[in-house]
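Colleague: Got a structure for you, questions after.
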Amino acid sequence: SSGVSPDQAQQLAQPAFWQAAQEGVGRLDPKQWPAHLGFEEIKGIGSYATDYEKPVEIMMGLVGLVLLIACTNVALIILARNSARTREFAVRMASGASSVRLFRQLLLESSLLVVAGAGFGWGLAVEGTRILAAWANIDSGLAPDLRVLLFTLVIGVAATMAFGLAPLWSTRQIEVEQALRSASQTASQSRSKIRSGNLAIAFQVAMCLSLLVASSLTVRTLLNYEHIDLGMRANNLFVFDVAPQGLSSNAQAFRFYERLLARLTEVPGVQSASLVRTRPGSGWEHTSGITVDGVDIRHDVAPHTSVYHNSVGPEFFRTMGIPILQGRGITEADSSESHQVAVVSESFANTFLRNGALGHRLGDRPGAEIVGVVKDSRVARARETDLPAVYYPLYQTDLLGQITVEVRSSGNPVALLPVMRRAVHDLDPNLPLQDPMTEATQFAETYVTPRLFARLALGFGLLAILLVATGLYGTLSYRVQRRTNEIGVRMALGAPRASVLTMVVRESVLIFLIGFSAGLPLAWAVAALLRAQLYGLSYLDPISFLVATAVTLSVSLGASFLPARRAAKVDPMVALRYE
């Protein structure tokens with residue numbers, strides 16, 4: 001219940017649990033037969049704290065960078081808007097308008113903007129979290145609650161006040177007489193305002209560079225995941241689970257699976273099919289100690305090494321596309337009546353039996369004879385080191401319960417799913433195919449969090465590009481408009497159009513250099529935070545930094561091209577008459 005911790009709940013329920021445990025068997029000695037009640041987290045929920053805590057914290061930091069870029073854009077818009085309305089405010093003040101009246105007008109304008117933006121943002125948040133949850137296969141609800149709504153309202157009210165007070169502060173500094181003397185809205189800006197605008201855009205460039213570095217690192221990590229050598233040919237490999245009911249013995253199960261594999265291999269397009277106890281790529285690792293020829297050799301060779309073990313059916317390695325390096329694989333002859341055998345991985349042989357693995361026996365005497373060595377392959381997840389592995393014949397173990405079926409096809413295996421369903425249905429109409437998918441998809445599920453992280457980081461990077469391009473373009477366009485008269489005078493005095501073009505572009509390059517100088521240390525800090533989320537590359541990956549720098553520079557130059565081109569096309573006579 002709410003407000004009760006798991007430890008408190010365990011203490012309250014333990015007496016009733018102990019009393020129920022003794023029913024039917026008499027009084028038990030708790031020292032000899034300890035029975036303790038424990039709680040397990042609901043499947044799919046318990047691992048969220050560990051799986052998503054650090055990525056979400058980093059993601060919130062990236063969201064903060066995007067928010068800073070957006071706020072900087074708003075600040076630039078307010079700066080430009082106030083500068084353009086200087087004459088309007090001067091006329092109102094000269095007509096007797098008080099500061100309170102101006103504040104009410106500005107507050108009303110900003111309130112309308114903030115309310116509209118907050119409403120749109122709330123709808124976007126509700127829909128976006130729903131899509132995000134479906135995209136990440138998260139079962140729990142992520143929809144914003146009342147606390148998030150309250151926080152949004154507080155931020156909205158604060159933004160309204162800030163947007164209303166900022167213009168009011170600038171209106172109090174207006175020199176009414178000087179503003180009224182200007183017959184145009186194109187008066188030159190002060191150097192301090194120009195410098196402030198340049199620093200604001202440079203700040204945006206620094207944030208953009210950091211976000212693009214994060215995007216490049218996470219995308220390259222995702223590409224590394226997708227190009228991992230799994231040690232098998234997973235693309236044309238289809239996998240599903242079956243749990244037939246009504247099988248009371250291994251003999252019945254053996255006959256059932258024999259018929260099942262025969263029917264599957266008769267399907268057009270199916271090259272081979274096999275069975276395995278634990279599905280590869282499912283995240284489950286069955287590891288234990290290992291005894292070779294009756295001796296636990298780990299103490300002498302690799303004390304802290306665990307050995308993965310699984311039970312597989314005939315032709316498993318051929319179906320999976322795992323090469324056999326020595327000896328043979330598991331065949332139909334390895335049944336319950338034959339002597340016990342095993343196949344080991346290359347890492348197992350190199351770690352424990354460097355002088356040759358074939359012929360040695362695993363487990364208690366007489367043990368299972370090693371008859372083959374296969375290439376290392378990923379067993380539980382894509383991101384793992386090569387584990388020493390042992391494969392036992394499935395037909396020599398317990399066949400009851402859930403079994404995984406692996407099917408190798410010559411084409412797209414998903415297209416064969418209806419035919420495979422019918423083949424299983426012919427054997428047992430009540431037997432469903434559980435979790436059907438390609439083996440490549442199964443392994444891809446083991447890096448869902450990095451994939452989601454990469455997509456979100458890429459989205460934030462693209463959003464940062466859009467915001468920076470918009471801010472830089474708007475600022476330079478506004479300055480070109482304000483400097484139309486100045487540009488006309490320059491060109492009337494003989495300045496070529498190329499020099500005007502260079503003047504605007506040089507300003508953009510200067511802003512980029514300032515932003516790059518400030519953004520490089522920040523990008524390094526962001527990359528360092530991402531270190532634990534990366535795979536197959538360093539957090540100081542030079543390619544990622546070069547790509548981010550090139551994109552940021554391209555955006556800066558691209559955003560300045562249209563304003564520079566417009567400035568170079570100014571007609572001197574028109575510009576002079578405009579003033």
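By order of appearance in the structure tokens: chains A, B, ..., then residues from 1 within every chain, and ligands from 1 in the order shown.
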When you look at His227 of chain A with a cut-off of 10 Å (counting only C-alpha atoms), what residues show up, excluding the ones that are within fewer than 5 positions of it in the same chain? I need them as a list in words.

Modeller: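 So, after excluding close chain neighbours, the residues are Thr221, Leu222 and Ala382 of chain A.
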
Colleague: Could you save those same residues with N, CA and C atoms as a tab-separated table (two decimals), in the first residue's frame?

Modeller:
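For reference, out26.tsv as written:
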chain	number	residue	atom	x	y	z
A	221	THR	N	27.75	5.21	-31.71
A	221	THR	CA	27.59	4.06	-30.81
A	221	THR	C	26.51	3.12	-31.32
A	222	LEU	N	25.39	3.69	-31.77
A	222	LEU	CA	24.31	2.86	-32.30
A	222	LEU	C	24.77	2.10	-33.54
A	382	ALA	N	24.01	-8.27	-27.16
A	382	ALA	CA	24.98	-7.86	-28.18
A	382	ALA	C	26.25	-7.31	-27.54

Colleague: When DSSP is applied to the backbone of this structure, which of segment 209-334 of chain A are assigned strand (DSSP E)? Write them out as a PDB file with C-alpha atoms, in the first residue's frame.

Modeller:
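See selection.pdb below for the written result:
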ATOM      1  CA  LEU A 237      17.230 -16.491 -38.747  1.00  0.00           C
ATOM      2  CA  PHE A 238      13.729 -16.645 -37.260  1.00  0.00           C
ATOM      3  CA  VAL A 239      13.044 -17.576 -33.635  1.00  0.00           C
ATOM      4  CA  PHE A 240       9.962 -18.349 -31.568  1.00  0.00           C
ATOM      5  CA  ASP A 241       9.111 -20.236 -28.385  1.00  0.00           C
ATOM      6  CA  VAL A 242       6.669 -23.089 -27.877  1.00  0.00           C
ATOM      7  CA  VAL A 270      13.304 -23.044 -44.909  1.00  0.00           C
ATOM      8  CA  GLN A 271      16.866 -24.348 -45.041  1.00  0.00           C
ATOM      9  CA  SER A 272      17.112 -25.866 -41.568  1.00  0.00           C
ATOM     10  CA  ALA A 273      15.566 -25.752 -38.103  1.00  0.00           C
ATOM     11  CA  SER A 274      16.750 -26.607 -34.620  1.00  0.00           C
ATOM     12  CA  LEU A 275      15.946 -26.251 -30.931  1.00  0.00           C
ATOM     13  CA  VAL A 276      17.573 -24.525 -27.982  1.00  0.00           C
ATOM     14  CA  THR A 287      26.534 -19.619 -15.901  1.00  0.00           C
ATOM     15  CA  SER A 288      28.185 -21.928 -13.397  1.00  0.00           C
ATOM     16  CA  VAL A 307      31.021 -20.642 -17.903  1.00  0.00           C
ATOM     17  CA  TYR A 308      27.846 -20.191 -19.933  1.00  0.00           C
ATOM     18  CA  HIS A 309      25.919 -23.352 -20.683  1.00  0.00           C
ATOM     19  CA  ASN A 310      22.930 -24.141 -22.853  1.00  0.00           C
ATOM     20  CA  SER A 311      21.187 -27.194 -24.314  1.00  0.00           C
ATOM     21  CA  VAL A 312      20.741 -27.304 -28.084  1.00  0.00           C
ATOM     22  CA  ILE A 324      32.521 -25.533 -36.228  1.00  0.00           C
ATOM     23  CA  LEU A 325      36.285 -25.186 -35.762  1.00  0.00           C
ATOM     24  CA  GLN A 326      37.137 -28.706 -34.548  1.00  0.00           C
ATOM     25  CA  GLY A 327      35.303 -31.992 -34.300  1.00  0.00           C
TER      26      GLY A 327
END

Colleague: Could you check the closest approach to Leu452 of chain A for each of A:Val405, A:Val219, A:Val63, A:Phe151 and tell me which residue wins, using only C-alpha atoms?

Modeller: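 Of all the options, A:Val219 lies closest to Leu452 of chain A.
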
Colleague: If you count only C-alpha atoms, which residues fall within 9 Å of segment 244-260 of chain A, apart from same-chain ones fewer than 5 positions away, as number ranges by chain?

Modeller: A: 265, 275, 395, 397-403, 423-424, 427-428, 430-432

Colleague: Pick the closest to Arg566 of chain A from A:Ile543, A:Thr549, A:Val500, A:Ile290: which is it, counting only C-alpha atoms?

Modeller: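 Using only C-alpha atoms, the shortest distance to Arg566 of chain A belongs to A:Val500.
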
Colleague: When you count only C-alpha atoms, which of these residues is closest to Ala567 of chain A: A:Ser477, A:Ser517, A:Ser111, A:Thr552?

Modeller: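 Of A:Ser477, A:Ser517, A:Ser111, A:Thr552, the one nearest Ala567 of chain A is A:Ser477, counting only C-alpha atoms.
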
Colleague: Quick one, how far is atom CA of Thr129 of chain A from atom CA of Val468 of chain A?

Modeller: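 Atom CA of Thr129 of chain A sits 25.3 Å away from atom CA of Val468 of chain A.
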
Colleague: Please identify which residues in segment 291-379 of chain A DSSP calls helix (DSSP H, G or I) from the backbone, and express them as a ChimeraX atom specification.

Modeller: /A:297-299,316-320,346-352

Colleague: Keeping only all heavy atoms, write those residues as a tab-separated table (two decimals), in the first residue's frame.

Modeller:
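Saved as again_35.tsv:
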chain	number	residue	atom	x	y	z
A	297	ILE	N	38.93	-26.90	-12.65
A	297	ILE	CA	40.17	-26.27	-13.11
A	297	ILE	C	40.15	-24.76	-13.02
A	297	ILE	O	41.16	-24.10	-13.27
A	297	ILE	CB	40.48	-26.68	-14.56
A	297	ILE	CG1	39.37	-26.20	-15.49
A	297	ILE	CG2	40.68	-28.19	-14.66
A	297	ILE	CD1	39.66	-26.44	-16.95
A	298	ARG	N	39.02	-24.18	-12.64
A	298	ARG	CA	38.98	-22.71	-12.57
A	298	ARG	C	39.92	-22.17	-11.51
A	298	ARG	O	40.46	-21.08	-11.65
A	298	ARG	CB	37.55	-22.23	-12.27
A	298	ARG	CG	36.56	-22.44	-13.41
A	298	ARG	CD	35.27	-21.71	-13.11
A	298	ARG	NE	34.78	-22.07	-11.79
A	298	ARG	CZ	33.93	-21.31	-11.09
A	298	ARG	NH1	33.51	-20.17	-11.58
A	298	ARG	NH2	33.50	-21.71	-9.90
A	299	HIS	N	40.09	-22.92	-10.45
A	299	HIS	CA	40.95	-22.43	-9.36
A	299	HIS	C	42.39	-22.24	-9.82
A	299	HIS	O	43.12	-21.39	-9.31
A	299	HIS	CB	40.91	-23.40	-8.18
A	299	HIS	CG	39.57	-23.47	-7.52
A	299	HIS	ND1	39.03	-22.43	-6.81
A	299	HIS	CD2	38.64	-24.47	-7.50
A	299	HIS	CE1	37.83	-22.78	-6.36
A	299	HIS	NE2	37.58	-24.01	-6.76
A	316	PHE	N	22.03	-27.46	-34.62
A	316	PHE	CA	21.88	-26.11	-34.07
A	316	PHE	C	22.91	-25.16	-34.65
A	316	PHE	O	22.59	-24.04	-35.04
A	316	PHE	CB	21.99	-26.16	-32.54
A	316	PHE	CG	22.02	-24.80	-31.89
A	316	PHE	CD1	20.85	-24.07	-31.73
A	316	PHE	CD2	23.22	-24.24	-31.45
A	316	PHE	CE1	20.88	-22.82	-31.13
A	316	PHE	CE2	23.25	-23.00	-30.85
A	316	PHE	CZ	22.08	-22.28	-30.70
A	317	PHE	N	24.16	-25.57	-34.70
A	317	PHE	CA	25.23	-24.67	-35.13
A	317	PHE	C	25.11	-24.37	-36.63
A	317	PHE	O	25.39	-23.25	-37.05
A	317	PHE	CB	26.59	-25.28	-34.80
A	317	PHE	CG	26.77	-25.53	-33.33
A	317	PHE	CD1	26.79	-26.82	-32.82
A	317	PHE	CD2	26.90	-24.47	-32.45
A	317	PHE	CE1	26.93	-27.06	-31.47
A	317	PHE	CE2	27.06	-24.70	-31.09
A	317	PHE	CZ	27.06	-25.99	-30.59
A	318	ARG	N	24.66	-25.33	-37.42
A	318	ARG	CA	24.45	-25.07	-38.85
A	318	ARG	C	23.28	-24.11	-39.05
A	318	ARG	O	23.35	-23.20	-39.88
A	318	ARG	CB	24.18	-26.37	-39.59
A	318	ARG	CG	24.04	-26.19	-41.10
A	318	ARG	CD	24.01	-27.53	-41.81
A	318	ARG	NE	22.73	-28.20	-41.63
A	318	ARG	CZ	21.69	-28.04	-42.46
A	318	ARG	NH1	21.80	-27.22	-43.50
A	318	ARG	NH2	20.57	-28.68	-42.25
A	319	THR	N	22.24	-24.28	-38.26
A	319	THR	CA	21.08	-23.39	-38.36
A	319	THR	C	21.45	-21.98	-37.95
A	319	THR	O	21.05	-21.00	-38.60
A	319	THR	CB	19.93	-23.92	-37.48
A	319	THR	OG1	19.57	-25.23	-37.91
A	319	THR	CG2	18.72	-23.00	-37.58
A	320	MET	N	22.20	-21.84	-36.87
A	320	MET	CA	22.58	-20.51	-36.38
A	320	MET	C	23.67	-19.86	-37.22
A	320	MET	O	23.87	-18.65	-37.14
A	320	MET	CB	23.06	-20.62	-34.93
A	320	MET	CG	22.02	-21.14	-33.96
A	320	MET	SD	20.61	-20.05	-33.77
A	320	MET	CE	21.35	-18.69	-32.90
A	346	GLU	N	35.24	-21.53	-28.59
A	346	GLU	CA	36.66	-21.25	-28.78
A	346	GLU	C	37.27	-20.63	-27.54
A	346	GLU	O	38.41	-20.96	-27.14
A	346	GLU	CB	36.83	-20.34	-29.99
A	346	GLU	CG	38.27	-20.08	-30.39
A	346	GLU	CD	38.38	-19.21	-31.63
A	346	GLU	OE1	37.34	-18.66	-32.08
A	346	GLU	OE2	39.49	-19.07	-32.16
A	347	SER	N	36.52	-19.71	-26.88
A	347	SER	CA	37.03	-19.09	-25.66
A	347	SER	C	37.22	-20.11	-24.55
A	347	SER	O	38.17	-20.02	-23.76
A	347	SER	CB	36.07	-17.98	-25.19
A	347	SER	OG	36.12	-16.87	-26.05
A	348	PHE	N	36.32	-21.08	-24.46
A	348	PHE	CA	36.46	-22.13	-23.45
A	348	PHE	C	37.74	-22.92	-23.69
A	348	PHE	O	38.52	-23.17	-22.76
A	348	PHE	CB	35.24	-23.06	-23.51
A	348	PHE	CG	35.26	-24.14	-22.47
A	348	PHE	CD1	34.58	-23.97	-21.28
A	348	PHE	CD2	35.96	-25.32	-22.67
A	348	PHE	CE1	34.59	-24.97	-20.31
A	348	PHE	CE2	35.98	-26.31	-21.71
A	348	PHE	CZ	35.30	-26.13	-20.52
A	349	ALA	N	37.96	-23.32	-24.94
A	349	ALA	CA	39.15	-24.10	-25.25
A	349	ALA	C	40.42	-23.30	-25.00
A	349	ALA	O	41.40	-23.82	-24.44
A	349	ALA	CB	39.09	-24.57	-26.71
A	350	ASN	N	40.42	-22.02	-25.38
A	350	ASN	CA	41.62	-21.19	-25.20
A	350	ASN	C	41.88	-20.86	-23.73
A	350	ASN	O	43.02	-20.63	-23.33
A	350	ASN	CB	41.49	-19.89	-26.00
A	350	ASN	CG	41.50	-20.14	-27.49
A	350	ASN	OD1	42.03	-21.14	-27.96
A	350	ASN	ND2	40.92	-19.22	-28.26
A	351	THR	N	40.80	-20.83	-22.92
A	351	THR	CA	40.96	-20.48	-21.52
A	351	THR	C	41.35	-21.67	-20.66
A	351	THR	O	42.25	-21.59	-19.82
A	351	THR	CB	39.66	-19.85	-20.97
A	351	THR	OG1	39.32	-18.71	-21.75
A	351	THR	CG2	39.83	-19.43	-19.52
A	352	PHE	N	40.70	-22.82	-20.87
A	352	PHE	CA	40.87	-23.96	-19.96
A	352	PHE	C	41.64	-25.12	-20.56
A	352	PHE	O	42.26	-25.89	-19.82
A	352	PHE	CB	39.49	-24.45	-19.50
A	352	PHE	CG	38.67	-23.43	-18.79
A	352	PHE	CD1	37.54	-22.89	-19.38
A	352	PHE	CD2	39.02	-22.98	-17.53
A	352	PHE	CE1	36.76	-21.94	-18.72
A	352	PHE	CE2	38.27	-22.03	-16.87
A	352	PHE	CZ	37.14	-21.50	-17.47

Colleague: Please identify all polymer residues within 9 Å of segment 503-508 of chain A, counting only C-alpha atoms, omitting same-chain residues fewer than 4 positions from it, and present them as a ChimeraX atom specification.

Modeller: /A:198,472,476,480,498-499,512-513,556-557,559-561,563-565,567

Colleague: Store the residues picked out above, limited to N, CA, C and O atoms, as a tab-separated table (two decimals), in the first residue's frame.

Modeller:
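Resulting contents of part_13.tsv:
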chain	number	residue	atom	x	y	z
A	198	ASN	N	25.85	39.47	-30.39
A	198	ASN	CA	26.90	38.54	-30.85
A	198	ASN	C	27.20	37.47	-29.78
A	198	ASN	O	27.36	36.29	-30.10
A	472	LEU	N	20.50	32.95	-35.77
A	472	LEU	CA	21.55	33.65	-36.51
A	472	LEU	C	21.00	34.35	-37.73
A	472	LEU	O	21.33	35.50	-38.01
A	476	LEU	N	21.05	38.45	-38.11
A	476	LEU	CA	21.77	39.09	-39.22
A	476	LEU	C	20.81	39.80	-40.16
A	476	LEU	O	21.13	40.89	-40.68
A	480	VAL	N	21.02	43.72	-41.01
A	480	VAL	CA	21.14	44.22	-42.39
A	480	VAL	C	20.05	45.24	-42.67
A	480	VAL	O	20.30	46.29	-43.30
A	498	ALA	N	31.09	42.69	-53.30
A	498	ALA	CA	31.80	41.59	-52.65
A	498	ALA	C	32.24	41.97	-51.24
A	498	ALA	O	32.22	41.14	-50.33
A	499	SER	N	32.63	43.23	-51.06
A	499	SER	CA	33.07	43.65	-49.72
A	499	SER	C	31.90	43.70	-48.75
A	499	SER	O	32.06	43.38	-47.56
A	512	PHE	N	30.90	32.42	-34.96
A	512	PHE	CA	31.18	30.99	-34.88
A	512	PHE	C	32.47	30.73	-34.11
A	512	PHE	O	32.52	29.80	-33.27
A	513	LEU	N	33.51	31.50	-34.36
A	513	LEU	CA	34.78	31.27	-33.68
A	513	LEU	C	34.65	31.49	-32.18
A	513	LEU	O	35.21	30.72	-31.37
A	556	SER	N	26.27	27.98	-39.52
A	556	SER	CA	26.59	29.41	-39.34
A	556	SER	C	26.73	30.12	-40.67
A	556	SER	O	26.19	31.21	-40.88
A	557	LEU	N	27.46	29.51	-41.60
A	557	LEU	CA	27.65	30.13	-42.90
A	557	LEU	C	26.36	30.12	-43.71
A	557	LEU	O	26.04	31.11	-44.40
A	559	ALA	N	23.26	30.17	-42.57
A	559	ALA	CA	22.30	31.14	-42.04
A	559	ALA	C	22.68	32.57	-42.39
A	559	ALA	O	21.80	33.45	-42.44
A	560	SER	N	23.96	32.82	-42.63
A	560	SER	CA	24.39	34.19	-42.97
A	560	SER	C	24.36	34.45	-44.47
A	560	SER	O	24.52	35.60	-44.88
A	561	PHE	N	24.15	33.42	-45.29
A	561	PHE	CA	24.23	33.61	-46.74
A	561	PHE	C	23.11	34.51	-47.25
A	561	PHE	O	23.37	35.47	-48.01
A	563	PRO	N	21.08	36.78	-45.64
A	563	PRO	CA	21.26	38.19	-45.26
A	563	PRO	C	22.42	38.86	-45.98
A	563	PRO	O	22.32	40.03	-46.38
A	564	ALA	N	23.53	38.13	-46.16
A	564	ALA	CA	24.68	38.71	-46.86
A	564	ALA	C	24.32	38.99	-48.33
A	564	ALA	O	24.69	40.02	-48.89
A	565	ARG	N	23.60	38.06	-48.93
A	565	ARG	CA	23.19	38.23	-50.34
A	565	ARG	C	22.23	39.40	-50.47
A	565	ARG	O	22.30	40.18	-51.44
A	567	ALA	N	22.14	41.99	-48.48
A	567	ALA	CA	22.91	43.22	-48.27
A	567	ALA	C	23.68	43.60	-49.52
A	567	ALA	O	23.81	44.79	-49.86

Colleague: Could you tell me how far atom CA of Leu562 of chain A sits from atom CA of Tyr478 of chain A, in Å to one decimal place?

Modeller: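 Going from atom CA of Tyr478 of chain A over to atom CA of Leu562 of chain A, I get 11.8 Å.
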
Colleague: Find the residues near Pro144 of chain A: any atom within 12 Å, counting only C-alpha atoms, skip ones fewer than 3 places away on the same chain, and give them as a list of chain:residue names.

Modeller: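 My reading of the contact set: A:Gly121, A:Trp122, A:Gly123, A:Leu124, A:Ala125, A:Val126, A:Glu127, A:Gly128, A:Thr129, A:Arg130, A:Gly141, A:Arg147, A:Val148, A:Leu149, A:Leu150, A:Phe151, A:Thr152.
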
Colleague: Point out the residue among A:Ala243, A:Ala234, A:Val100, A:Val115 with the least atom-to-atom distance to Ala444 of chain A, counting only C-alpha atoms.

Modeller: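 Nearest to Ala444 of chain A: A:Ala234.
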
Colleague: Just give me the gap between atom CA of Asp435 of chain A and atom CA of Arg421 of chain A in Å, one decimal is fine.

Modeller: 12.4 Å

Colleague: Could you check the closest approach to Leu456 of chain A for each of A:Ala9, A:Ala214, A:Val489, A:Leu146 and tell me which residue wins, using only C-alpha atoms?

Modeller: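 Using only C-alpha atoms, Leu456 of chain A sits closest to A:Ala214.
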
Colleague: Find the spatial neighbours of Met59 of chain A, counting only C-alpha atoms, within a cut-off of 9 Å - ignore same-chain residues fewer than 5 positions away - and output them as a ChimeraX atom specification.

Modeller: /A:54,64,453,456-457

Colleague: For a quick check of understanding, using only C-alpha atoms, which of A:Leu217, A:Gly356, A:Ala389, A:Arg455 has the smallest distance to Leu546 of chain A?

Modeller: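 Under the stated criterion, the closest residue is A:Leu217.
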